[in-house]
$ cat target.csv   # CSV, C-alpha atoms
chain,number,residue,atom,x,y,z
A,1,MET,CA,0.0,0.0,0.0
A,2,ILE,CA,1.3,3.5,-0.9
A,3,MET,CA,-0.2,6.6,0.5
A,4,THR,CA,0.8,10.3,0.6
A,5,PRO,CA,-0.3,11.9,3.8
A,6,SER,CA,0.5,15.5,4.5
A,7,LYS,CA,3.1,16.5,7.0
A,8,GLN,CA,0.4,17.9,9.3
A,9,CYS,CA,-1.4,14.5,9.2
A,10,LEU,CA,1.8,12.8,10.2
A,11,VAL,CA,2.3,15.2,13.0
A,12,ASP,CA,-1.3,14.9,14.2
A,13,LYS,CA,-1.0,11.1,14.2
A,14,GLY,CA,2.3,11.3,16.2
A,15,CYS,CA,4.4,9.9,13.3
A,16,LEU,CA,6.5,13.1,13.2
A,17,HIS,CA,7.4,15.2,16.2
A,18,THR,CA,7.3,18.4,14.1
A,19,ALA,CA,6.4,19.4,10.5
A,20,GLU,CA,9.4,21.7,10.3
A,21,GLN,CA,12.8,20.6,11.4
A,22,LEU,CA,15.0,23.1,13.2
A,23,ASP,CA,18.7,23.4,12.9
A,24,GLY,CA,18.7,22.3,9.2
A,25,ALA,CA,18.1,18.6,9.9
A,26,PRO,CA,16.1,16.7,7.3
A,27,LEU,CA,12.4,16.4,8.0
A,28,LEU,CA,12.7,12.6,8.2
A,29,HIS,CA,15.7,12.4,10.4
A,30,PRO,CA,15.3,9.4,12.7
A,31,SER,CA,15.0,11.8,15.7
A,32,ASN,CA,11.8,13.3,14.2
A,33,VAL,CA,10.1,10.0,13.2
A,34,GLU,CA,8.1,7.7,15.5
A,35,ILE,CA,8.2,4.5,13.5
A,36,ASP,CA,5.8,2.7,15.8
A,37,ASN,CA,3.2,5.4,15.3
A,38,LEU,CA,3.8,5.3,11.6
A,39,LYS,CA,3.1,1.5,11.7
A,40,GLY,CA,-0.1,2.2,13.6
A,41,LEU,CA,-1.2,4.8,11.0
A,42,ALA,CA,-0.5,2.3,8.2
A,43,GLN,CA,-2.5,-0.4,10.0
A,44,GLU,CA,-5.4,2.0,10.6
A,45,VAL,CA,-5.6,3.0,7.0
A,46,ALA,CA,-5.2,-0.7,5.8
A,47,GLN,CA,-8.0,-1.7,8.2
A,48,HIS,CA,-10.3,1.1,6.9
A,49,PHE,CA,-9.9,-0.3,3.4
A,50,GLY,CA,-10.2,-4.0,4.4
A,51,LEU,CA,-6.5,-4.7,3.7
A,52,PRO,CA,-4.3,-7.0,5.8
A,53,THR,CA,-2.9,-5.2,8.8
A,54,ASP,CA,0.0,-7.6,9.8
A,55,PHE,CA,3.6,-6.8,9.0
A,56,THR,CA,6.1,-9.4,8.1
A,57,PRO,CA,9.9,-9.1,8.9
A,58,THR,CA,10.6,-8.0,5.4
A,59,GLN,CA,7.6,-5.8,4.9
A,60,SER,CA,7.3,-2.9,7.2
A,61,VAL,CA,6.6,0.8,6.8
A,62,MET,CA,8.8,3.4,5.2
A,63,VAL,CA,8.4,7.2,4.9
A,64,PHE,CA,9.8,9.3,2.1
A,65,ASP,CA,10.0,13.0,1.6
A,66,PHE,CA,8.9,13.7,-1.9
A,67,SER,CA,9.0,17.5,-1.5
A,68,ASP,CA,12.5,17.5,-2.9
A,69,THR,CA,12.4,15.2,-5.9
A,70,LYS,CA,15.3,15.3,-8.4
A,71,ARG,CA,15.6,14.6,-12.0
A,72,HIS,CA,18.5,14.4,-14.4
A,73,ASP,CA,18.7,17.1,-17.0
A,74,GLN,CA,19.5,14.8,-19.9
A,75,ALA,CA,18.0,11.5,-20.9
A,76,LEU,CA,20.8,10.8,-23.4
A,77,LEU,CA,24.4,11.8,-23.3
A,78,PHE,CA,27.6,10.7,-24.9
A,79,GLN,CA,30.9,9.9,-23.2
A,80,GLU,CA,33.8,10.7,-25.6
A,81,ALA,CA,36.1,7.8,-26.2
A,82,PRO,CA,39.9,8.2,-25.8
A,83,ALA,CA,42.1,8.4,-28.9
A,84,GLY,CA,39.3,9.1,-31.5
A,85,GLY,CA,37.2,6.0,-30.8
A,86,GLN,CA,33.4,5.9,-31.0
A,87,PRO,CA,31.6,7.8,-28.2
A,88,LEU,CA,29.7,5.7,-25.7
A,89,PRO,CA,26.0,6.6,-25.5
A,90,ILE,CA,24.6,6.7,-22.0
A,91,SER,CA,20.8,6.6,-21.8
A,92,LEU,CA,18.9,7.0,-18.6
A,93,ALA,CA,15.3,5.7,-18.0
A,94,GLY,CA,12.8,5.2,-15.3
A,95,ASP,CA,14.0,5.9,-11.7
A,96,ALA,CA,17.5,6.7,-12.9
A,97,LEU,CA,16.2,9.6,-14.9
A,98,LEU,CA,13.5,10.9,-12.6
A,99,GLU,CA,13.5,10.3,-8.9
A,100,PRO,CA,10.6,8.0,-8.1
A,101,PHE,CA,7.3,9.6,-7.0
A,102,TRP,CA,4.4,7.5,-8.2
A,103,PRO,CA,1.4,8.1,-5.9
A,104,THR,CA,-0.9,7.4,-8.8
A,105,GLY,CA,0.6,4.0,-9.5
A,106,LEU,CA,2.2,4.9,-12.8
A,107,GLY,CA,5.8,3.9,-11.9
A,108,CYS,CA,5.8,0.6,-13.8
A,109,ILE,CA,4.3,1.9,-17.0
A,110,ARG,CA,6.6,4.9,-16.9
A,111,GLY,CA,9.6,2.7,-16.6
A,112,PHE,CA,8.5,0.6,-19.6
A,113,LEU,CA,7.8,3.6,-21.7
A,114,GLY,CA,11.0,5.3,-20.6
A,115,ALA,CA,13.0,2.1,-21.6
A,116,MET,CA,11.2,2.1,-25.0
A,117,ASP,CA,12.1,5.8,-25.5
A,118,ALA,CA,15.7,5.1,-24.6
A,119,VAL,CA,15.9,2.2,-27.1
A,120,SER,CA,14.3,4.4,-29.8
A,121,CYS,CA,16.9,7.1,-29.3
A,122,LEU,CA,19.8,4.7,-29.2
A,123,SER,CA,18.5,3.0,-32.3
A,124,SER,CA,18.3,6.3,-34.1
A,125,TRP,CA,22.0,7.0,-33.3
A,126,PHE,CA,23.1,3.4,-34.2
A,127,VAL,CA,21.3,3.6,-37.5
A,128,THR,CA,22.2,7.1,-38.6
A,129,GLY,CA,25.3,8.0,-36.6
A,130,ASP,CA,23.7,11.4,-36.1
A,131,ARG,CA,24.3,12.3,-32.5
A,132,GLU,CA,22.3,15.6,-32.7
A,133,GLN,CA,19.3,13.8,-34.1
A,134,ALA,CA,19.4,11.2,-31.3
A,135,LEU,CA,19.8,14.0,-28.6
A,136,LYS,CA,16.8,15.9,-30.0
A,137,LYS,CA,14.7,12.7,-30.1
A,138,ALA,CA,15.7,12.0,-26.4
A,139,GLU,CA,14.9,15.6,-25.4
A,140,ALA,CA,11.5,15.5,-27.1
A,141,ALA,CA,10.6,12.2,-25.4
A,142,TYR,CA,11.8,13.4,-22.0

$ encode --input "target.csv" --output "structure tokens"
Amino acid sequence: MIMTPSKQCLVDKGCLHTAEQLDGAPLLHPSNVEIDNLKGLAQEVAQHFGLPTDFTPTQSVMVFDFSDTKRHDQALLFQEAPAGGQPLPISLAGDALLEPFWPTGLGCIRGFLGAMDAVSCLSSWFVTGDREQALKKAEAAY
């Protein structure tokens, strides 16, 4: 189960001590998170929707701060080869290109579509040898 509660909700439920960390510490620093209360919140929500409420040793709760997502500025780039060899194309897709944030459940399909975009751009370069065309295609897809 994935949910995206607000900071205030997490504070109200006792999962976070404060919604704004002082002294520059990250919001989700362990000193600001009450993991047992977070588990309780997850169980409460799961029960509300009729989902299992038991945790297993390998499946617990995690909390992520998505307010500072990151993304790479290029989906395709080229590493120049030494001594005049062919450049090495480097193509990023999925979570390597865009830090994951999939509250609507689109992560898997975006990964597949991103991989297909990457293959299309690489194919363009392999067939034509035109680096600029491949870069433009990657930029348009990204």

$ atom_distance --input "target.csv" --atom1 "CA of Gln21 in chain A" --atom2 "CA of Val33 in chain A"
11.1 Å

$ atom_distance --input "target.csv" --atom1 "CA of Gly129 in chain A" --atom2 "CA of Glu80 in chain A"
14.2 Å

$ atom_distance --input "target.csv" --atom1 "CA of Met1 in chain A" --atom2 "CA of Phe112 in chain A"
21.4 Å

$ axis_aligned_box --input "target.csv" --around "range 8-21 of chain A" --padding-each-side "5 Å" --output "AutoDock Vina command-line options"
--center_x 5.7 --center_y 15.8 --center_z 12.7 --size_x 24.2 --size_y 21.8 --size_z 17.0

$ residues_around --input "target.csv" --residues "Ala118 in chain A" --least-positions-apart "4" --cutoff "12 Å" --atoms "all atoms listed in the file" --output "short mmCIF file (atom, residue, chain, number, x, y, z; two decimals) with C-alpha atoms, in the frame of the given file"
data_model
loop_
_atom_site.label_atom_id
_atom_site.label_comp_id
_atom_site.auth_asym_id
_atom_site.auth_seq_id
_atom_site.Cartn_x
_atom_site.Cartn_y
_atom_site.Cartn_z
CA GLN A 74 19.50 14.80 -19.90
CA ALA A 75 18.00 11.50 -20.90
CA LEU A 76 20.80 10.80 -23.40
CA LEU A 77 24.40 11.80 -23.30
CA PRO A 89 26.00 6.60 -25.50
CA ILE A 90 24.60 6.70 -22.00
CA SER A 91 20.80 6.60 -21.80
CA LEU A 92 18.90 7.00 -18.60
CA ALA A 93 15.30 5.70 -18.00
CA GLY A 94 12.80 5.20 -15.30
CA ALA A 96 17.50 6.70 -12.90
CA LEU A 97 16.20 9.60 -14.90
CA ARG A 110 6.60 4.90 -16.90
CA GLY A 111 9.60 2.70 -16.60
CA PHE A 112 8.50 0.60 -19.60
CA LEU A 113 7.80 3.60 -21.70
CA GLY A 114 11.00 5.30 -20.60
CA LEU A 122 19.80 4.70 -29.20
CA SER A 123 18.50 3.00 -32.30
CA SER A 124 18.30 6.30 -34.10
CA TRP A 125 22.00 7.00 -33.30
CA ALA A 134 19.40 11.20 -31.30
CA LEU A 135 19.80 14.00 -28.60
CA LYS A 137 14.70 12.70 -30.10
CA ALA A 138 15.70 12.00 -26.40
CA GLU A 139 14.90 15.60 -25.40
CA ALA A 140 11.50 15.50 -27.10
CA ALA A 141 10.60 12.20 -25.40
CA TYR A 142 11.80 13.40 -22.00
#

$ closest_residue --input "target.csv" --among "A:Ala115, A:Phe126, A:Gly107, A:Ile2" --to "Leu88 in chain A" --atoms "all atoms listed in the file"
A:Phe126

$ closest_residue --input "target.csv" --among "A:Ala42, A:Ala81, A:Leu28, A:Cys121" --to "Ser60 in chain A" --atoms "all atoms listed in the file"
A:Ala42

$ closest_residue --input "target.csv" --among "A:Phe78, A:Lys70, A:Thr4, A:His17" --to "Glu132 in chain A" --atoms "all atoms listed in the file"
A:Phe78
